[in-house]
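Structure file entry14.cif (mmCIF, N, CA and C atoms) is printed below.
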```cif
data_coords
#
loop_
_atom_site.label_atom_id
_atom_site.label_comp_id
_atom_site.auth_asym_id
_atom_site.auth_seq_id
_atom_site.Cartn_x
_atom_site.Cartn_y
_atom_site.Cartn_z
N MET A 17 16.11 54.65 -279.15
CA MET A 17 16.12 55.09 -280.52
C MET A 17 17.03 56.31 -280.64
N PRO A 18 17.96 56.28 -281.57
CA PRO A 18 18.85 57.44 -281.75
C PRO A 18 18.05 58.69 -282.13
N ASP A 19 18.59 59.85 -281.75
CA ASP A 19 17.92 61.11 -282.04
C ASP A 19 17.66 61.30 -283.52
N SER A 20 18.60 60.87 -284.36
CA SER A 20 18.43 61.04 -285.80
C SER A 20 17.20 60.28 -286.29
N GLN A 21 16.89 59.13 -285.68
CA GLN A 21 15.71 58.36 -286.05
C GLN A 21 14.44 59.13 -285.72
N LEU A 22 14.45 59.88 -284.60
CA LEU A 22 13.27 60.64 -284.21
C LEU A 22 12.99 61.79 -285.18
N ARG A 23 14.03 62.28 -285.83
CA ARG A 23 13.86 63.42 -286.73
C ARG A 23 13.41 63.02 -288.12
N ILE A 24 13.47 61.72 -288.44
CA ILE A 24 13.07 61.26 -289.76
C ILE A 24 11.59 61.58 -289.95
N GLY A 25 11.29 62.25 -291.01
CA GLY A 25 9.90 62.59 -291.31
C GLY A 25 9.36 63.79 -290.57
N ARG A 26 10.17 64.42 -289.71
CA ARG A 26 9.69 65.61 -288.99
C ARG A 26 9.54 66.74 -289.99
N HIS A 27 8.38 67.28 -290.01
CA HIS A 27 8.06 68.36 -290.94
C HIS A 27 7.60 69.56 -290.13
N SER A 28 8.06 70.71 -290.49
CA SER A 28 7.71 71.93 -289.79
C SER A 28 6.90 72.79 -290.73
N GLU A 29 5.70 73.14 -290.31
CA GLU A 29 4.80 73.90 -291.17
C GLU A 29 4.33 75.16 -290.46
N PRO A 30 4.62 76.34 -291.03
CA PRO A 30 4.14 77.58 -290.42
C PRO A 30 2.62 77.57 -290.25
N HIS A 31 2.17 78.13 -289.16
CA HIS A 31 0.75 78.27 -288.81
C HIS A 31 0.11 76.96 -288.35
N ARG A 32 0.87 75.88 -288.29
CA ARG A 32 0.34 74.62 -287.76
C ARG A 32 0.58 74.60 -286.25
N ALA A 33 -0.35 74.01 -285.53
CA ALA A 33 -0.19 73.83 -284.08
C ALA A 33 0.54 72.52 -283.82
N TYR A 34 1.39 72.54 -282.81
CA TYR A 34 2.17 71.37 -282.40
C TYR A 34 2.04 71.16 -280.90
N PHE A 35 1.92 69.91 -280.52
CA PHE A 35 1.95 69.50 -279.11
C PHE A 35 3.32 68.87 -278.91
N VAL A 36 4.14 69.51 -278.08
CA VAL A 36 5.52 69.10 -277.89
C VAL A 36 5.74 68.69 -276.44
N THR A 37 6.49 67.63 -276.25
CA THR A 37 6.92 67.20 -274.92
C THR A 37 8.43 67.09 -274.94
N THR A 38 9.07 67.69 -273.95
CA THR A 38 10.51 67.55 -273.80
C THR A 38 10.82 67.24 -272.34
N THR A 39 11.84 66.43 -272.15
CA THR A 39 12.12 65.83 -270.84
C THR A 39 13.54 66.16 -270.39
N LEU A 40 13.70 66.27 -269.08
CA LEU A 40 15.04 66.45 -268.53
C LEU A 40 15.93 65.29 -268.93
N ASP A 41 17.22 65.58 -269.08
CA ASP A 41 18.18 64.55 -269.48
C ASP A 41 18.18 63.39 -268.49
N GLU A 42 18.20 63.71 -267.23
CA GLU A 42 18.13 62.68 -266.19
C GLU A 42 16.75 62.80 -265.55
N ARG A 43 15.85 61.94 -265.99
CA ARG A 43 14.46 62.09 -265.56
C ARG A 43 14.28 61.91 -264.07
N LYS A 44 15.24 61.28 -263.42
CA LYS A 44 15.11 61.12 -261.96
C LYS A 44 15.26 62.47 -261.25
N GLN A 45 15.89 63.43 -261.94
CA GLN A 45 15.99 64.77 -261.38
C GLN A 45 14.64 65.46 -261.51
N ARG A 46 14.30 66.27 -260.55
CA ARG A 46 13.01 66.97 -260.56
C ARG A 46 13.26 68.47 -260.37
N TYR A 47 14.09 69.01 -261.25
CA TYR A 47 14.51 70.41 -261.13
C TYR A 47 13.34 71.38 -261.12
N PHE A 48 12.28 71.07 -261.87
CA PHE A 48 11.19 72.03 -262.01
C PHE A 48 10.19 71.96 -260.85
N ALA A 49 10.45 71.11 -259.87
CA ALA A 49 9.68 71.17 -258.62
C ALA A 49 10.08 72.43 -257.86
N ASP A 50 11.25 72.98 -258.19
CA ASP A 50 11.70 74.25 -257.66
C ASP A 50 10.98 75.35 -258.45
N PHE A 51 10.16 76.12 -257.77
CA PHE A 51 9.33 77.14 -258.42
C PHE A 51 10.17 78.06 -259.29
N HIS A 52 11.32 78.50 -258.80
CA HIS A 52 12.14 79.44 -259.57
C HIS A 52 12.65 78.79 -260.86
N CYS A 53 13.06 77.54 -260.81
CA CYS A 53 13.51 76.84 -262.03
C CYS A 53 12.37 76.77 -263.05
N ALA A 54 11.18 76.42 -262.58
CA ALA A 54 10.02 76.35 -263.47
C ALA A 54 9.74 77.71 -264.10
N ARG A 55 9.83 78.77 -263.32
CA ARG A 55 9.58 80.11 -263.84
C ARG A 55 10.61 80.52 -264.89
N LEU A 56 11.87 80.06 -264.74
CA LEU A 56 12.89 80.36 -265.74
C LEU A 56 12.52 79.71 -267.08
N VAL A 57 11.98 78.52 -267.02
CA VAL A 57 11.55 77.83 -268.23
C VAL A 57 10.38 78.59 -268.87
N VAL A 58 9.42 78.97 -268.05
CA VAL A 58 8.26 79.72 -268.55
C VAL A 58 8.72 81.04 -269.18
N LYS A 59 9.70 81.67 -268.59
CA LYS A 59 10.20 82.94 -269.13
C LYS A 59 10.69 82.76 -270.57
N GLU A 60 11.36 81.66 -270.85
CA GLU A 60 11.85 81.41 -272.22
C GLU A 60 10.70 81.10 -273.17
N MET A 61 9.68 80.42 -272.68
CA MET A 61 8.50 80.16 -273.51
C MET A 61 7.80 81.48 -273.84
N ARG A 62 7.67 82.33 -272.84
CA ARG A 62 7.04 83.63 -273.04
C ARG A 62 7.86 84.51 -273.99
N PHE A 63 9.19 84.38 -273.90
CA PHE A 63 10.03 85.15 -274.82
C PHE A 63 9.74 84.76 -276.26
N LEU A 64 9.68 83.47 -276.54
CA LEU A 64 9.40 83.02 -277.91
C LEU A 64 8.01 83.46 -278.37
N HIS A 65 7.07 83.47 -277.44
CA HIS A 65 5.72 83.95 -277.75
C HIS A 65 5.76 85.46 -278.05
N GLY A 66 6.42 86.20 -277.19
CA GLY A 66 6.52 87.64 -277.35
C GLY A 66 7.30 88.06 -278.59
N ALA A 67 8.25 87.24 -279.01
CA ALA A 67 9.04 87.53 -280.20
C ALA A 67 8.31 87.11 -281.48
N ASN A 68 7.08 86.63 -281.31
CA ASN A 68 6.26 86.18 -282.43
C ASN A 68 6.87 85.00 -283.18
N ASP A 69 7.61 84.15 -282.45
CA ASP A 69 8.13 82.92 -283.04
C ASP A 69 7.12 81.79 -282.90
N VAL A 70 6.29 81.86 -281.85
CA VAL A 70 5.20 80.90 -281.64
C VAL A 70 4.00 81.66 -281.08
N ASN A 71 2.86 81.04 -281.21
CA ASN A 71 1.66 81.51 -280.54
C ASN A 71 1.34 80.43 -279.50
N SER A 72 1.70 80.66 -278.25
CA SER A 72 1.50 79.66 -277.21
C SER A 72 0.01 79.53 -276.91
N LEU A 73 -0.46 78.29 -276.85
CA LEU A 73 -1.86 78.01 -276.58
C LEU A 73 -2.06 77.40 -275.20
N ALA A 74 -1.15 76.51 -274.77
CA ALA A 74 -1.24 75.90 -273.44
C ALA A 74 0.12 75.30 -273.12
N TRP A 75 0.41 75.26 -271.82
CA TRP A 75 1.62 74.54 -271.40
C TRP A 75 1.47 74.14 -269.95
N VAL A 76 2.32 73.21 -269.57
CA VAL A 76 2.45 72.84 -268.16
C VAL A 76 3.91 72.45 -267.93
N ILE A 77 4.43 72.90 -266.81
CA ILE A 77 5.78 72.55 -266.41
C ILE A 77 5.63 71.51 -265.30
N MET A 78 6.08 70.30 -265.57
CA MET A 78 6.05 69.22 -264.59
C MET A 78 7.44 69.14 -263.96
N PRO A 79 7.59 68.40 -262.87
CA PRO A 79 8.90 68.36 -262.20
C PRO A 79 10.06 67.91 -263.09
N ASP A 80 9.78 67.05 -264.09
CA ASP A 80 10.87 66.53 -264.91
C ASP A 80 10.62 66.64 -266.42
N HIS A 81 9.56 67.31 -266.82
CA HIS A 81 9.30 67.48 -268.25
C HIS A 81 8.34 68.65 -268.48
N VAL A 82 8.21 69.00 -269.75
CA VAL A 82 7.37 70.12 -270.17
C VAL A 82 6.46 69.65 -271.30
N HIS A 83 5.18 70.03 -271.22
CA HIS A 83 4.24 69.87 -272.32
C HIS A 83 3.91 71.28 -272.81
N TRP A 84 3.92 71.46 -274.12
CA TRP A 84 3.69 72.79 -274.68
C TRP A 84 2.90 72.66 -275.98
N LEU A 85 1.82 73.37 -276.06
CA LEU A 85 1.01 73.42 -277.26
C LEU A 85 1.15 74.82 -277.84
N PHE A 86 1.63 74.90 -279.06
CA PHE A 86 1.82 76.20 -279.70
C PHE A 86 1.61 76.09 -281.19
N GLN A 87 1.37 77.26 -281.78
CA GLN A 87 1.26 77.37 -283.22
C GLN A 87 2.51 78.07 -283.72
N LEU A 88 3.14 77.49 -284.72
CA LEU A 88 4.32 78.13 -285.31
C LEU A 88 3.90 79.36 -286.09
N THR A 89 4.79 80.33 -286.14
CA THR A 89 4.62 81.45 -287.06
C THR A 89 5.56 81.18 -288.24
N GLU A 90 5.78 82.16 -289.04
CA GLU A 90 6.68 81.99 -290.19
C GLU A 90 8.13 82.27 -289.82
N ASN A 91 8.39 82.68 -288.58
CA ASN A 91 9.73 83.12 -288.19
C ASN A 91 10.73 81.99 -287.99
N LYS A 92 10.30 80.90 -287.37
CA LYS A 92 11.23 79.81 -287.03
C LYS A 92 10.58 78.47 -287.31
N SER A 93 11.41 77.49 -287.62
CA SER A 93 10.93 76.11 -287.78
C SER A 93 10.70 75.50 -286.40
N LEU A 94 10.02 74.37 -286.37
CA LEU A 94 9.80 73.66 -285.11
C LEU A 94 11.13 73.31 -284.45
N SER A 95 12.06 72.78 -285.22
CA SER A 95 13.37 72.42 -284.66
C SER A 95 14.11 73.64 -284.12
N ASP A 96 14.03 74.75 -284.84
CA ASP A 96 14.69 75.98 -284.37
C ASP A 96 14.07 76.49 -283.07
N VAL A 97 12.73 76.45 -282.98
CA VAL A 97 12.06 76.88 -281.76
C VAL A 97 12.53 76.04 -280.59
N MET A 98 12.54 74.73 -280.77
CA MET A 98 12.91 73.84 -279.66
C MET A 98 14.39 73.96 -279.32
N LYS A 99 15.23 74.13 -280.32
CA LYS A 99 16.66 74.31 -280.08
C LYS A 99 16.90 75.57 -279.26
N TYR A 100 16.26 76.66 -279.66
CA TYR A 100 16.40 77.92 -278.96
C TYR A 100 15.86 77.81 -277.53
N PHE A 101 14.66 77.27 -277.40
CA PHE A 101 14.03 77.12 -276.10
C PHE A 101 14.88 76.27 -275.15
N LYS A 102 15.35 75.15 -275.61
CA LYS A 102 16.12 74.25 -274.74
C LYS A 102 17.48 74.85 -274.38
N ALA A 103 18.12 75.51 -275.33
CA ALA A 103 19.43 76.11 -275.05
C ALA A 103 19.32 77.24 -274.04
N ARG A 104 18.38 78.16 -274.28
CA ARG A 104 18.24 79.31 -273.37
C ARG A 104 17.75 78.89 -271.99
N SER A 105 16.78 78.00 -271.93
CA SER A 105 16.28 77.57 -270.63
C SER A 105 17.35 76.78 -269.87
N ALA A 106 18.15 75.99 -270.58
CA ALA A 106 19.24 75.26 -269.92
C ALA A 106 20.27 76.22 -269.33
N GLN A 107 20.61 77.27 -270.06
CA GLN A 107 21.55 78.27 -269.54
C GLN A 107 21.00 78.89 -268.26
N ARG A 108 19.74 79.27 -268.29
CA ARG A 108 19.13 79.93 -267.13
C ARG A 108 19.03 79.00 -265.92
N VAL A 109 18.52 77.80 -266.14
CA VAL A 109 18.33 76.85 -265.04
C VAL A 109 19.69 76.40 -264.49
N ASN A 110 20.63 76.08 -265.36
CA ASN A 110 21.96 75.67 -264.89
C ASN A 110 22.62 76.80 -264.11
N GLY A 111 22.48 78.02 -264.57
CA GLY A 111 23.04 79.15 -263.84
C GLY A 111 22.44 79.29 -262.45
N TYR A 112 21.14 79.17 -262.37
CA TYR A 112 20.45 79.27 -261.08
C TYR A 112 20.86 78.13 -260.14
N LEU A 113 20.97 76.92 -260.68
CA LEU A 113 21.33 75.76 -259.86
C LEU A 113 22.83 75.62 -259.62
N LYS A 114 23.59 76.50 -260.28
CA LYS A 114 25.06 76.44 -260.19
C LYS A 114 25.57 75.05 -260.59
N ARG A 115 25.08 74.60 -261.72
CA ARG A 115 25.49 73.31 -262.25
C ARG A 115 25.89 73.48 -263.70
N GLN A 116 26.57 72.48 -264.22
CA GLN A 116 26.95 72.47 -265.63
C GLN A 116 26.44 71.18 -266.25
N GLY A 117 26.47 71.15 -267.56
CA GLY A 117 26.08 69.94 -268.26
C GLY A 117 24.72 70.06 -268.90
N ARG A 118 24.37 68.99 -269.55
CA ARG A 118 23.13 68.95 -270.30
C ARG A 118 21.93 68.93 -269.35
N LEU A 119 20.94 69.74 -269.64
CA LEU A 119 19.72 69.76 -268.85
C LEU A 119 18.65 68.89 -269.51
N TRP A 120 18.47 69.03 -270.81
CA TRP A 120 17.40 68.37 -271.55
C TRP A 120 17.91 67.15 -272.30
N GLN A 121 17.03 66.17 -272.51
CA GLN A 121 17.34 65.11 -273.46
C GLN A 121 17.49 65.74 -274.83
N ASN A 122 18.31 65.14 -275.67
CA ASN A 122 18.54 65.72 -277.00
C ASN A 122 17.26 65.85 -277.81
N ALA A 123 16.44 64.83 -277.77
CA ALA A 123 15.26 64.79 -278.61
C ALA A 123 14.05 65.41 -277.91
N PHE A 124 12.99 65.54 -278.65
CA PHE A 124 11.70 65.94 -278.09
C PHE A 124 10.63 65.22 -278.90
N HIS A 125 9.49 65.05 -278.31
CA HIS A 125 8.37 64.42 -279.01
C HIS A 125 7.44 65.52 -279.50
N ASP A 126 7.03 65.43 -280.76
CA ASP A 126 6.10 66.42 -281.28
C ASP A 126 4.95 65.72 -282.00
N HIS A 127 3.82 66.36 -281.93
CA HIS A 127 2.63 65.87 -282.64
C HIS A 127 2.03 67.07 -283.36
N ALA A 128 2.00 67.02 -284.67
CA ALA A 128 1.37 68.08 -285.46
C ALA A 128 -0.14 67.90 -285.36
N ILE A 129 -0.83 68.96 -284.99
CA ILE A 129 -2.27 68.90 -284.80
C ILE A 129 -2.95 68.95 -286.16
N ARG A 130 -3.80 67.95 -286.41
CA ARG A 130 -4.56 67.90 -287.66
C ARG A 130 -5.83 68.75 -287.53
N LYS A 131 -6.37 69.12 -288.65
CA LYS A 131 -7.57 69.97 -288.65
C LYS A 131 -8.75 69.33 -287.95
N ASP A 132 -8.83 68.00 -287.98
CA ASP A 132 -9.98 67.32 -287.38
C ASP A 132 -9.81 67.07 -285.88
N GLU A 133 -8.65 67.45 -285.33
CA GLU A 133 -8.43 67.25 -283.90
C GLU A 133 -8.97 68.44 -283.10
N ASP A 134 -9.45 68.15 -281.91
CA ASP A 134 -10.01 69.16 -281.02
C ASP A 134 -8.88 69.79 -280.21
N ILE A 135 -8.47 70.98 -280.60
CA ILE A 135 -7.33 71.63 -279.95
C ILE A 135 -7.64 71.97 -278.49
N LYS A 136 -8.90 72.25 -278.18
CA LYS A 136 -9.26 72.51 -276.78
C LYS A 136 -9.11 71.26 -275.94
N ALA A 137 -9.43 70.11 -276.48
CA ALA A 137 -9.27 68.84 -275.74
C ALA A 137 -7.78 68.58 -275.47
N ILE A 138 -6.95 68.91 -276.42
CA ILE A 138 -5.50 68.73 -276.23
C ILE A 138 -5.01 69.70 -275.15
N ALA A 139 -5.47 70.94 -275.18
CA ALA A 139 -5.08 71.91 -274.16
C ALA A 139 -5.55 71.45 -272.78
N ARG A 140 -6.76 70.92 -272.70
CA ARG A 140 -7.27 70.41 -271.41
C ARG A 140 -6.42 69.24 -270.92
N TYR A 141 -6.02 68.37 -271.83
CA TYR A 141 -5.15 67.25 -271.47
C TYR A 141 -3.85 67.77 -270.87
N ILE A 142 -3.29 68.80 -271.48
CA ILE A 142 -2.03 69.36 -271.02
C ILE A 142 -2.18 69.95 -269.61
N VAL A 143 -3.17 70.80 -269.41
CA VAL A 143 -3.29 71.48 -268.11
C VAL A 143 -3.75 70.52 -267.01
N ALA A 144 -4.30 69.36 -267.38
CA ALA A 144 -4.72 68.38 -266.38
C ALA A 144 -3.59 67.43 -266.00
N ASN A 145 -2.43 67.57 -266.62
CA ASN A 145 -1.31 66.67 -266.35
C ASN A 145 -0.91 66.62 -264.87
N PRO A 146 -0.83 67.74 -264.16
CA PRO A 146 -0.48 67.66 -262.73
C PRO A 146 -1.53 66.91 -261.91
N LEU A 147 -2.77 66.99 -262.30
CA LEU A 147 -3.83 66.25 -261.62
C LEU A 147 -3.66 64.75 -261.84
N ARG A 148 -3.45 64.35 -263.09
CA ARG A 148 -3.23 62.93 -263.39
C ARG A 148 -1.96 62.40 -262.73
N GLY A 149 -0.97 63.26 -262.58
CA GLY A 149 0.29 62.86 -261.95
C GLY A 149 0.24 62.85 -260.43
N GLY A 150 -0.89 63.22 -259.86
CA GLY A 150 -1.03 63.22 -258.41
C GLY A 150 -0.33 64.36 -257.72
N LEU A 151 -0.01 65.40 -258.46
CA LEU A 151 0.71 66.54 -257.89
C LEU A 151 -0.22 67.58 -257.29
N VAL A 152 -1.47 67.59 -257.73
CA VAL A 152 -2.48 68.51 -257.22
C VAL A 152 -3.79 67.75 -257.07
N GLU A 153 -4.71 68.33 -256.30
CA GLU A 153 -6.02 67.70 -256.12
C GLU A 153 -7.06 68.26 -257.09
N HIS A 154 -6.84 69.49 -257.56
CA HIS A 154 -7.79 70.13 -258.47
C HIS A 154 -7.01 70.88 -259.54
N ILE A 155 -7.56 70.88 -260.75
CA ILE A 155 -6.95 71.70 -261.80
C ILE A 155 -7.00 73.14 -261.33
N GLY A 156 -5.90 73.82 -261.44
CA GLY A 156 -5.82 75.20 -260.96
C GLY A 156 -5.05 75.32 -259.66
N ASP A 157 -4.78 74.19 -258.99
CA ASP A 157 -4.00 74.20 -257.74
C ASP A 157 -2.52 74.10 -258.05
N TYR A 158 -2.02 74.99 -258.85
CA TYR A 158 -0.62 74.90 -259.29
C TYR A 158 0.25 75.83 -258.46
N SER A 159 0.64 75.37 -257.31
CA SER A 159 1.54 76.19 -256.51
C SER A 159 2.96 76.11 -257.04
N LEU A 160 3.39 74.95 -257.53
CA LEU A 160 4.74 74.79 -258.05
C LEU A 160 4.75 74.56 -259.57
N TRP A 161 3.60 74.22 -260.14
CA TRP A 161 3.55 73.89 -261.55
C TRP A 161 2.79 74.98 -262.26
N ASP A 162 3.31 75.41 -263.37
CA ASP A 162 2.73 76.53 -264.08
C ASP A 162 2.04 76.03 -265.34
N ALA A 163 0.81 76.34 -265.48
CA ALA A 163 0.06 76.01 -266.69
C ALA A 163 -0.68 77.26 -267.14
N ILE A 164 -0.85 77.38 -268.40
CA ILE A 164 -1.59 78.52 -268.93
C ILE A 164 -2.38 78.07 -270.14
N TRP A 165 -3.49 78.65 -270.30
CA TRP A 165 -4.31 78.40 -271.48
C TRP A 165 -4.69 79.77 -272.02
N LEU A 166 -4.12 80.13 -273.13
CA LEU A 166 -4.37 81.46 -273.71
C LEU A 166 -5.56 81.43 -274.64
#
```
Serialized structure, structure tokens:
Amino acid sequence: MPDSQLRIGRHSEPHRAYFVTTTLDERKQRYFADFHCARLVVKEMRFLHGANDVNSLAWVIMPDHVHWLFQLTENKSLSDVMKYFKARSAQRVNGYLKRQGRLWQNAFHDHAIRKDEDIKAIARYIVANPLRGGLVEHIGDYSLWDAIWL
């Protein structure tokens, strides 16, 4: 599906929580299995949180993708947050890996959290991703994968 098709109907609402997934351009690459690469991605997420562009609720960095649950503020739209996050993290990771080219797929998947949804259940789903993926034996055993629940 073309990226423009994914954006049809995308609505960005301040103070709404979003569950976002974004994937490496070449999913066979596992750049974030490298602890330093994963930390560079987390640094950009923390920057957006610290700049009051989002209120991060939970995230996990997997070897080839990121799950992030956050609440938008009034500062940036969902598309702007993701554009900024992907551009800055790509610069950092590419610089560290001494590579050029696209790091992320153009699109991202987002789910706007409705009032009747259990946000804690969504956060638990996110932080349990490494367990379901067979990367760890217990939630909390994140030696290479970073998850946080604020």
Inset, instruction - Step by step, work through what the PyMOL selection byres (((chain A and resi 43-49 and name CA) around 8) and name CA) selects in the shown file, and finish by giving those residues as a ChimeraX atom specification. - result: /A:39-42,50-54,77-81,160-161
Legend entry - Selected residue, from A:Trp75, A:Arg108, A:Leu88, A:Val70, that lies nearest to Leu56 of chain A when counting all atoms listed in the file: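 The answer is A:Arg108, which sits nearest to Leu56 of chain A.
Put simply, the PyMOL selection byres ((chain A and resi 89-101) around 7) on this file hits His27, Ser28, Glu29, Pro30, His31, Arg32, Glu60, Met61, Asn68, Asp69, Val70, Asn71, Gln87, Leu88, Lys102, Ala103, Arg104, Ser105 and Ala106 of chain A.
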Could I get the residues of segment 43-117 of chain A with an atom no further than 6.5 Å from an atom of segment 132-154 of chain A, each paired with its nearest atom pair and that distance in Å to one decimal, using only N, CA and C atoms, sorted by chain and residue number, as JSON lines?
```
{"residue": "A:Leu73", "atom": "C", "partner": "A:Ala139", "partner_atom": "CA", "distance": 6.4}
{"residue": "A:Ala74", "atom": "CA", "partner": "A:Ala139", "partner_atom": "CA", "distance": 5.6}
{"residue": "A:Trp75", "atom": "C", "partner": "A:Ile142", "partner_atom": "C", "distance": 5.6}
{"residue": "A:Val76", "atom": "N", "partner": "A:Ile142", "partner_atom": "C", "distance": 5.6}
{"residue": "A:His83", "atom": "CA", "partner": "A:Ile142", "partner_atom": "CA", "distance": 6.4}
```
Inset, instruction - Mind listing the strand (DSSP E) residues of chain A, per DSSP on the backbone, as an MDAnalysis selection string? - result: chainID A and resid 33:39 70:77 81:88 125:128 163:165
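Atom N of Arg55 of chain A is positioned 8.9 Å from atom CA of Val109 of chain A.
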